[in-house]
$ cat structure.txt   # compact mmCIF, C-alpha atoms and all ligand atoms
# COMPACT_ATOMS: atom_id res chain seq x y z
CA MET A 1 -26.38 -7.01 -10.27
CA ASP A 2 -28.89 -6.64 -7.47
CA GLY A 3 -27.08 -4.78 -4.70
CA HIS A 4 -29.03 -6.20 -1.83
CA LEU A 5 -28.82 -9.85 -2.86
CA LEU A 6 -25.94 -12.29 -2.59
CA ALA A 7 -26.46 -15.62 -4.35
CA GLY A 8 -30.16 -14.76 -4.55
CA THR A 9 -30.55 -14.14 -0.82
CA PRO A 10 -30.93 -10.74 0.86
CA VAL A 11 -27.54 -9.71 2.17
CA THR A 12 -26.76 -9.40 5.84
CA GLU A 13 -23.86 -7.59 7.39
CA ASP A 14 -22.48 -10.87 8.72
CA THR A 15 -22.45 -12.61 5.34
CA LEU A 16 -20.88 -9.59 3.64
CA LEU A 17 -18.14 -9.11 6.22
CA ALA A 18 -17.44 -12.84 6.24
CA GLY A 19 -17.28 -12.68 2.44
CA GLY A 20 -14.49 -10.13 2.44
CA TYR A 21 -16.57 -6.98 1.98
CA ARG A 22 -15.55 -3.78 3.69
CA LYS A 23 -18.21 -1.55 5.22
CA TYR A 24 -18.72 2.15 4.49
CA ILE A 25 -21.19 3.57 6.96
CA GLY A 26 -23.86 6.04 5.95
CA GLU A 27 -26.74 7.63 7.79
CA THR A 28 -29.53 5.77 5.97
CA ILE A 29 -27.60 3.27 3.88
CA ASP A 30 -24.40 1.30 4.43
CA VAL A 31 -22.29 0.39 1.42
CA TYR A 32 -20.11 -2.73 1.24
CA TYR A 33 -17.27 -3.26 -1.19
CA ASN A 34 -15.17 -6.29 -2.03
CA LYS A 35 -12.09 -5.29 -3.96
CA GLU A 36 -11.37 -8.88 -4.97
CA LEU A 37 -14.58 -8.89 -7.02
CA CYS A 38 -14.24 -5.45 -8.64
CA ILE A 39 -13.66 -5.58 -12.40
CA HIS A 40 -13.10 -1.81 -12.68
CA SER A 41 -15.97 -1.12 -15.05
CA GLY A 42 -16.34 2.33 -13.50
CA ASN A 43 -20.15 2.17 -13.35
CA CYS A 44 -20.12 3.30 -9.73
CA VAL A 45 -17.97 6.38 -10.37
CA LYS A 46 -19.97 7.25 -13.50
CA GLY A 47 -23.18 6.79 -11.54
CA ASN A 48 -22.28 9.12 -8.68
CA ALA A 49 -18.79 10.62 -8.49
CA ALA A 50 -19.52 12.27 -5.14
CA VAL A 51 -20.24 8.96 -3.45
CA PHE A 52 -17.67 6.85 -5.31
CA GLU A 53 -14.32 8.48 -5.91
CA VAL A 54 -11.32 6.33 -6.69
CA GLY A 55 -8.19 7.57 -4.94
CA ARG A 56 -10.06 9.32 -2.12
CA ARG A 57 -9.95 7.86 1.39
CA PRO A 58 -12.49 6.56 2.07
CA TRP A 59 -13.32 6.05 -1.57
CA VAL A 60 -16.99 5.47 -0.73
CA ILE A 61 -18.94 8.12 1.21
CA PRO A 62 -22.58 6.98 1.24
CA ASP A 63 -23.86 10.25 2.72
CA ASN A 64 -22.67 12.22 -0.31
CA GLY A 65 -25.76 10.91 -2.12
CA GLU A 66 -29.42 10.10 -1.53
CA ALA A 67 -29.88 6.52 -0.35
CA PRO A 68 -32.29 5.46 -3.16
CA GLN A 69 -29.91 6.76 -5.80
CA VAL A 70 -26.89 5.17 -4.09
CA ALA A 71 -28.76 1.86 -4.15
CA GLN A 72 -29.63 2.38 -7.82
CA VAL A 73 -25.98 2.98 -8.73
CA ILE A 74 -24.90 -0.08 -6.76
CA ASN A 75 -27.41 -2.14 -8.74
CA THR A 76 -25.45 -1.22 -11.90
CA CYS A 77 -22.25 -2.80 -10.53
CA PRO A 78 -21.74 -5.76 -12.89
CA SER A 79 -19.45 -7.82 -10.65
CA GLY A 80 -21.26 -7.83 -7.31
CA ALA A 81 -18.33 -5.99 -5.69
CA LEU A 82 -20.75 -3.40 -4.30
CA LYS A 83 -23.65 -4.23 -2.01
CA PHE A 84 -25.85 -2.16 0.23
CA ILE A 85 -27.99 -2.47 3.30
CA LYS A 86 -30.57 0.22 3.92
CA LYS A 87 -30.87 1.00 7.61
CA GLU A 88 -34.53 0.00 7.81
CA GLN A 89 -33.59 -3.33 6.14
CA ALA A 90 -31.06 -4.02 8.86
CA GLU A 91 -33.54 -3.74 11.71
S1 LIG B 101 -19.22 -0.70 -10.57
FE1 LIG B 101 -18.51 -2.45 -9.36
S2 LIG B 101 -17.09 -3.55 -10.69
FE2 LIG B 101 -17.35 -1.48 -11.53
S3 LIG B 101 -15.71 -0.26 -10.64
FE3 LIG B 101 -17.49 -0.01 -9.33
S4 LIG B 101 -17.24 -1.58 -7.75
FE4 LIG B 101 -15.88 -2.14 -9.43

$ encode --input "structure.txt" --output "structure tokens"
Amino acid sequence: MDGHLLAGTPVTEDTLLAGGYRKYIGETIDVYYNKELCIHSGNCVKGNAAVFEVGRRPWVIPDNGEAPQVAQVINTCPSGALKFIKKEQAE
């Protein structure tokens, strides 16, 4: 699922936070996660275990990966539980 779209529209921080997503801040990319939507497919962890590690706090550390690859992994999330906003997108 496209990680920077929500219902076909580019995501904004406001819509994500209002939608129950939690923010994980990175230097060049912020990651948002909604645990209510997660179907535990494990694609995120398989995609980059340094960025996404279940059981760690915080379980998402965006800066443990390169932003383009983090975005790519988020795009493999089948449920839409993960979204991202690249810093240049937010400006
Ligand atoms: S890829 Fe998405 S649905 Fe699958 S475990 Fe990660 S957050 Fe949950």

$ closest_residue --input "structure.txt" --among "A:Asn34, A:Phe52, A:Glu88, A:Lys83" --to "Val11 (chain A)" --atoms "all atoms listed in the file"
A:Lys83

$ closest_atom_pairs --input "structure.txt" --of "chain A" --to "ligand LIG 101 (chain B)" --cutoff "8 Å" --atoms "all atoms listed in the file" --output "Markdown table"
| residue | atom | partner | partner_atom | distance |
| --- | --- | --- | --- | --- |
| A:Tyr33 | CA | B:LIG101 | S4 | 6.8 |
| A:Asn34 | CA | B:LIG101 | S4 | 7.7 |
| A:Lys35 | CA | B:LIG101 | FE4 | 7.4 |
| A:Leu37 | CA | B:LIG101 | S2 | 6.9 |
| A:Cys38 | CA | B:LIG101 | FE4 | 3.8 |
| A:Ile39 | CA | B:LIG101 | S2 | 4.3 |
| A:His40 | CA | B:LIG101 | S3 | 3.7 |
| A:Ser41 | CA | B:LIG101 | FE2 | 3.8 |
| A:Gly42 | CA | B:LIG101 | S3 | 3.9 |
| A:Asn43 | CA | B:LIG101 | S1 | 4.1 |
| A:Cys44 | CA | B:LIG101 | S1 | 4.2 |
| A:Val45 | CA | B:LIG101 | FE3 | 6.5 |
| A:Phe52 | CA | B:LIG101 | FE3 | 8.0 |
| A:Val73 | CA | B:LIG101 | S1 | 7.9 |
| A:Ile74 | CA | B:LIG101 | S1 | 6.9 |
| A:Thr76 | CA | B:LIG101 | S1 | 6.4 |
| A:Cys77 | CA | B:LIG101 | S1 | 3.7 |
| A:Pro78 | CA | B:LIG101 | S2 | 5.6 |
| A:Ser79 | CA | B:LIG101 | S2 | 4.9 |
| A:Gly80 | CA | B:LIG101 | FE1 | 6.4 |
| A:Ala81 | CA | B:LIG101 | S4 | 5.0 |
| A:Leu82 | CA | B:LIG101 | S4 | 5.2 |

$ closest_residue --input "structure.txt" --among "A:Val31, A:Ile85, A:Ala7, A:Met1" --to "Val60 (chain A)" --atoms "all atoms listed in the file"
A:Val31

$ atom_distance --input "structure.txt" --atom1 "CA of Gln72 (chain A)" --atom2 "CA of Ala18 (chain A)"
24.0 Å

$ closest_residue --input "structure.txt" --among "A:Gly3, A:Gly19, A:Gly47, A:Gly26" --to "Ala67 (chain A)" --atoms "all atoms listed in the file"
A:Gly26

$ closest_residue --input "structure.txt" --among "A:Thr28, A:Asn64, A:Asn75, A:Thr12" --to "Ala49 (chain A)" --atoms "all atoms listed in the file"
A:Asn64

$ axis_aligned_box --input "structure.txt" --around "region 68-86 of chain A" --padding-each-side "3 Å" --output "lines of an AutoDock Vina configuration file"
center_x = -25.3
center_y = -0.5
center_z = -4.5
size_x = 20.0
size_y = 20.6
size_z = 22.8

$ atom_distance --input "structure.txt" --atom1 "CA of Leu16 (chain A)" --atom2 "CA of Asp30 (chain A)"
11.5 Å

$ atom_distance --input "structure.txt" --atom1 "CA of Lys23 (chain A)" --atom2 "CA of His4 (chain A)"
13.7 Å

$ closest_residue --input "structure.txt" --among "A:Lys46, A:Leu6, A:Glu27, A:Lys87" --to "Pro62 (chain A)" --atoms "only C-alpha atoms"
A:Glu27

$ closest_residue --input "structure.txt" --among "A:Val70, A:Ile61, A:Ile29, A:Leu5" --to "Lys86 (chain A)" --atoms "all atoms listed in the file"
A:Ile29

$ decode --input "structure.txt" --residues "region 19-35 of chain A" --atoms "all heavy atoms" --output "PDB file, in the first residue's frame"
ATOM      1  N   GLY A  19      -5.947  10.382  12.742  1.00  0.00           N
ATOM      2  CA  GLY A  19      -6.398   9.041  12.398  1.00  0.00           C
ATOM      3  C   GLY A  19      -5.853   7.967  13.311  1.00  0.00           C
ATOM      4  O   GLY A  19      -5.993   6.776  13.027  1.00  0.00           O
ATOM      5  N   GLY A  20      -5.189   8.357  14.374  1.00  0.00           N
ATOM      6  CA  GLY A  20      -4.730   7.377  15.353  1.00  0.00           C
ATOM      7  C   GLY A  20      -3.319   6.857  15.117  1.00  0.00           C
ATOM      8  O   GLY A  20      -2.896   5.895  15.751  1.00  0.00           O
ATOM      9  N   TYR A  21      -2.597   7.482  14.197  1.00  0.00           N
ATOM     10  CA  TYR A  21      -1.208   7.075  13.953  1.00  0.00           C
ATOM     11  C   TYR A  21      -0.285   7.713  14.983  1.00  0.00           C
ATOM     12  O   TYR A  21      -0.499   8.847  15.408  1.00  0.00           O
ATOM     13  CB  TYR A  21      -0.749   7.518  12.561  1.00  0.00           C
ATOM     14  CG  TYR A  21      -1.304   6.691  11.431  1.00  0.00           C
ATOM     15  CD1 TYR A  21      -2.618   6.880  10.995  1.00  0.00           C
ATOM     16  CD2 TYR A  21      -0.530   5.733  10.792  1.00  0.00           C
ATOM     17  CE1 TYR A  21      -3.146   6.124   9.954  1.00  0.00           C
ATOM     18  CE2 TYR A  21      -1.051   4.979   9.739  1.00  0.00           C
ATOM     19  CZ  TYR A  21      -2.349   5.177   9.329  1.00  0.00           C
ATOM     20  OH  TYR A  21      -2.866   4.437   8.293  1.00  0.00           O
ATOM     21  N   ARG A  22       0.749   6.970  15.341  1.00  0.00           N
ATOM     22  CA  ARG A  22       1.768   7.490  16.228  1.00  0.00           C
ATOM     23  C   ARG A  22       3.002   7.841  15.400  1.00  0.00           C
ATOM     24  O   ARG A  22       3.330   7.147  14.439  1.00  0.00           O
ATOM     25  CB  ARG A  22       2.116   6.407  17.255  1.00  0.00           C
ATOM     26  CG  ARG A  22       2.970   6.945  18.330  1.00  0.00           C
ATOM     27  CD  ARG A  22       3.246   5.969  19.449  1.00  0.00           C
ATOM     28  NE  ARG A  22       4.438   6.477  20.106  1.00  0.00           N
ATOM     29  CZ  ARG A  22       5.156   5.853  20.990  1.00  0.00           C
ATOM     30  NH1 ARG A  22       4.802   4.661  21.382  1.00  0.00           N
ATOM     31  NH2 ARG A  22       6.209   6.401  21.508  1.00  0.00           N
ATOM     32  N   LYS A  23       3.686   8.903  15.801  1.00  0.00           N
ATOM     33  CA  LYS A  23       4.802   9.405  14.997  1.00  0.00           C
ATOM     34  C   LYS A  23       6.147   8.928  15.538  1.00  0.00           C
ATOM     35  O   LYS A  23       6.385   8.962  16.742  1.00  0.00           O
ATOM     36  CB  LYS A  23       4.762  10.936  15.030  1.00  0.00           C
ATOM     37  CG  LYS A  23       5.823  11.617  14.189  1.00  0.00           C
ATOM     38  CD  LYS A  23       5.684  13.135  14.315  1.00  0.00           C
ATOM     39  CE  LYS A  23       6.655  13.854  13.417  1.00  0.00           C
ATOM     40  NZ  LYS A  23       6.550  15.317  13.578  1.00  0.00           N
ATOM     41  N   TYR A  24       7.017   8.496  14.628  1.00  0.00           N
ATOM     42  CA  TYR A  24       8.389   8.121  14.966  1.00  0.00           C
ATOM     43  C   TYR A  24       9.298   9.030  14.138  1.00  0.00           C
ATOM     44  O   TYR A  24       9.353   8.918  12.909  1.00  0.00           O
ATOM     45  CB  TYR A  24       8.639   6.644  14.656  1.00  0.00           C
ATOM     46  CG  TYR A  24       7.757   5.744  15.496  1.00  0.00           C
ATOM     47  CD1 TYR A  24       6.461   5.432  15.088  1.00  0.00           C
ATOM     48  CD2 TYR A  24       8.186   5.253  16.724  1.00  0.00           C
ATOM     49  CE1 TYR A  24       5.628   4.635  15.869  1.00  0.00           C
ATOM     50  CE2 TYR A  24       7.368   4.458  17.513  1.00  0.00           C
ATOM     51  CZ  TYR A  24       6.089   4.157  17.074  1.00  0.00           C
ATOM     52  OH  TYR A  24       5.264   3.375  17.853  1.00  0.00           O
ATOM     53  N   ILE A  25       9.983   9.918  14.838  1.00  0.00           N
ATOM     54  CA  ILE A  25      10.713  10.983  14.151  1.00  0.00           C
ATOM     55  C   ILE A  25      12.072  10.506  13.652  1.00  0.00           C
ATOM     56  O   ILE A  25      12.824   9.856  14.381  1.00  0.00           O
ATOM     57  CB  ILE A  25      10.904  12.180  15.114  1.00  0.00           C
ATOM     58  CG1 ILE A  25       9.531  12.716  15.535  1.00  0.00           C
ATOM     59  CG2 ILE A  25      11.752  13.273  14.471  1.00  0.00           C
ATOM     60  CD1 ILE A  25       9.580  13.716  16.673  1.00  0.00           C
ATOM     61  N   GLY A  26      12.367  10.839  12.421  1.00  0.00           N
ATOM     62  CA  GLY A  26      13.682  10.583  11.854  1.00  0.00           C
ATOM     63  C   GLY A  26      14.259  11.881  11.326  1.00  0.00           C
ATOM     64  O   GLY A  26      13.576  12.905  11.275  1.00  0.00           O
ATOM     65  N   GLU A  27      15.536  11.797  10.932  1.00  0.00           N
ATOM     66  CA  GLU A  27      16.209  12.995  10.443  1.00  0.00           C
ATOM     67  C   GLU A  27      15.639  13.453   9.097  1.00  0.00           C
ATOM     68  O   GLU A  27      15.366  14.627   8.902  1.00  0.00           O
ATOM     69  CB  GLU A  27      17.697  12.693  10.288  1.00  0.00           C
ATOM     70  CG  GLU A  27      18.496  13.900   9.921  1.00  0.00           C
ATOM     71  CD  GLU A  27      19.637  14.131  10.893  1.00  0.00           C
ATOM     72  OE1 GLU A  27      19.619  13.588  11.995  1.00  0.00           O
ATOM     73  OE2 GLU A  27      20.541  14.869  10.510  1.00  0.00           O
ATOM     74  N   THR A  28      15.448  12.502   8.182  1.00  0.00           N
ATOM     75  CA  THR A  28      14.988  12.877   6.832  1.00  0.00           C
ATOM     76  C   THR A  28      13.621  12.297   6.503  1.00  0.00           C
ATOM     77  O   THR A  28      13.036  12.634   5.483  1.00  0.00           O
ATOM     78  CB  THR A  28      15.993  12.402   5.763  1.00  0.00           C
ATOM     79  OG1 THR A  28      16.180  10.994   5.907  1.00  0.00           O
ATOM     80  CG2 THR A  28      17.314  13.119   5.900  1.00  0.00           C
ATOM     81  N   ILE A  29      13.136  11.399   7.365  1.00  0.00           N
ATOM     82  CA  ILE A  29      11.820  10.811   7.123  1.00  0.00           C
ATOM     83  C   ILE A  29      11.164  10.524   8.473  1.00  0.00           C
ATOM     84  O   ILE A  29      11.833  10.054   9.402  1.00  0.00           O
ATOM     85  CB  ILE A  29      11.949   9.524   6.264  1.00  0.00           C
ATOM     86  CG1 ILE A  29      10.585   8.991   5.833  1.00  0.00           C
ATOM     87  CG2 ILE A  29      12.744   8.439   6.969  1.00  0.00           C
ATOM     88  CD1 ILE A  29      10.662   7.882   4.766  1.00  0.00           C
ATOM     89  N   ASP A  30       9.901  10.858   8.589  1.00  0.00           N
ATOM     90  CA  ASP A  30       9.132  10.489   9.778  1.00  0.00           C
ATOM     91  C   ASP A  30       8.248   9.302   9.413  1.00  0.00           C
ATOM     92  O   ASP A  30       7.698   9.235   8.310  1.00  0.00           O
ATOM     93  CB  ASP A  30       8.240  11.642  10.252  1.00  0.00           C
ATOM     94  CG  ASP A  30       9.039  12.808  10.799  1.00  0.00           C
ATOM     95  OD1 ASP A  30      10.162  12.584  11.290  1.00  0.00           O
ATOM     96  OD2 ASP A  30       8.538  13.947  10.725  1.00  0.00           O
ATOM     97  N   VAL A  31       8.140   8.375  10.359  1.00  0.00           N
ATOM     98  CA  VAL A  31       7.331   7.180  10.147  1.00  0.00           C
ATOM     99  C   VAL A  31       6.121   7.256  11.077  1.00  0.00           C
ATOM    100  O   VAL A  31       6.235   7.714  12.223  1.00  0.00           O
ATOM    101  CB  VAL A  31       8.162   5.903  10.429  1.00  0.00           C
ATOM    102  CG1 VAL A  31       7.296   4.651  10.340  1.00  0.00           C
ATOM    103  CG2 VAL A  31       9.330   5.812   9.450  1.00  0.00           C
ATOM    104  N   TYR A  32       4.979   6.822  10.585  1.00  0.00           N
ATOM    105  CA  TYR A  32       3.727   6.855  11.360  1.00  0.00           C
ATOM    106  C   TYR A  32       3.157   5.445  11.378  1.00  0.00           C
ATOM    107  O   TYR A  32       3.163   4.752  10.360  1.00  0.00           O
ATOM    108  CB  TYR A  32       2.728   7.817  10.707  1.00  0.00           C
ATOM    109  CG  TYR A  32       3.212   9.243  10.703  1.00  0.00           C
ATOM    110  CD1 TYR A  32       4.107   9.666   9.739  1.00  0.00           C
ATOM    111  CD2 TYR A  32       2.783  10.157  11.666  1.00  0.00           C
ATOM    112  CE1 TYR A  32       4.577  10.977   9.734  1.00  0.00           C
ATOM    113  CE2 TYR A  32       3.239  11.465  11.668  1.00  0.00           C
ATOM    114  CZ  TYR A  32       4.136  11.862  10.695  1.00  0.00           C
ATOM    115  OH  TYR A  32       4.608  13.148  10.691  1.00  0.00           O
ATOM    116  N   TYR A  33       2.643   5.072  12.531  1.00  0.00           N
ATOM    117  CA  TYR A  33       2.163   3.695  12.696  1.00  0.00           C
ATOM    118  C   TYR A  33       0.832   3.705  13.438  1.00  0.00           C
ATOM    119  O   TYR A  33       0.675   4.384  14.454  1.00  0.00           O
ATOM    120  CB  TYR A  33       3.197   2.887  13.483  1.00  0.00           C
ATOM    121  CG  TYR A  33       2.721   1.511  13.879  1.00  0.00           C
ATOM    122  CD1 TYR A  33       2.469   0.537  12.922  1.00  0.00           C
ATOM    123  CD2 TYR A  33       2.536   1.169  15.216  1.00  0.00           C
ATOM    124  CE1 TYR A  33       2.037  -0.731  13.281  1.00  0.00           C
ATOM    125  CE2 TYR A  33       2.105  -0.097  15.591  1.00  0.00           C
ATOM    126  CZ  TYR A  33       1.862  -1.042  14.617  1.00  0.00           C
ATOM    127  OH  TYR A  33       1.427  -2.295  14.970  1.00  0.00           O
ATOM    128  N   ASN A  34      -0.099   2.928  12.925  1.00  0.00           N
ATOM    129  CA  ASN A  34      -1.407   2.796  13.566  1.00  0.00           C
ATOM    130  C   ASN A  34      -1.603   1.325  13.936  1.00  0.00           C
ATOM    131  O   ASN A  34      -1.812   0.485  13.070  1.00  0.00           O
ATOM    132  CB  ASN A  34      -2.507   3.252  12.606  1.00  0.00           C
ATOM    133  CG  ASN A  34      -3.874   3.243  13.270  1.00  0.00           C
ATOM    134  OD1 ASN A  34      -4.122   2.476  14.200  1.00  0.00           O
ATOM    135  ND2 ASN A  34      -4.770   4.088  12.782  1.00  0.00           N
ATOM    136  N   LYS A  35      -1.491   1.054  15.220  1.00  0.00           N
ATOM    137  CA  LYS A  35      -1.520  -0.354  15.637  1.00  0.00           C
ATOM    138  C   LYS A  35      -2.890  -1.001  15.432  1.00  0.00           C
ATOM    139  O   LYS A  35      -2.988  -2.219  15.297  1.00  0.00           O
ATOM    140  CB  LYS A  35      -1.037  -0.518  17.082  1.00  0.00           C
ATOM    141  CG  LYS A  35      -1.958  -0.021  18.164  1.00  0.00           C
ATOM    142  CD  LYS A  35      -1.343  -0.473  19.487  1.00  0.00           C
ATOM    143  CE  LYS A  35      -2.000  -0.133  20.750  1.00  0.00           C
ATOM    144  NZ  LYS A  35      -3.076   0.627  21.070  1.00  0.00           N
TER     145      LYS A  35
END
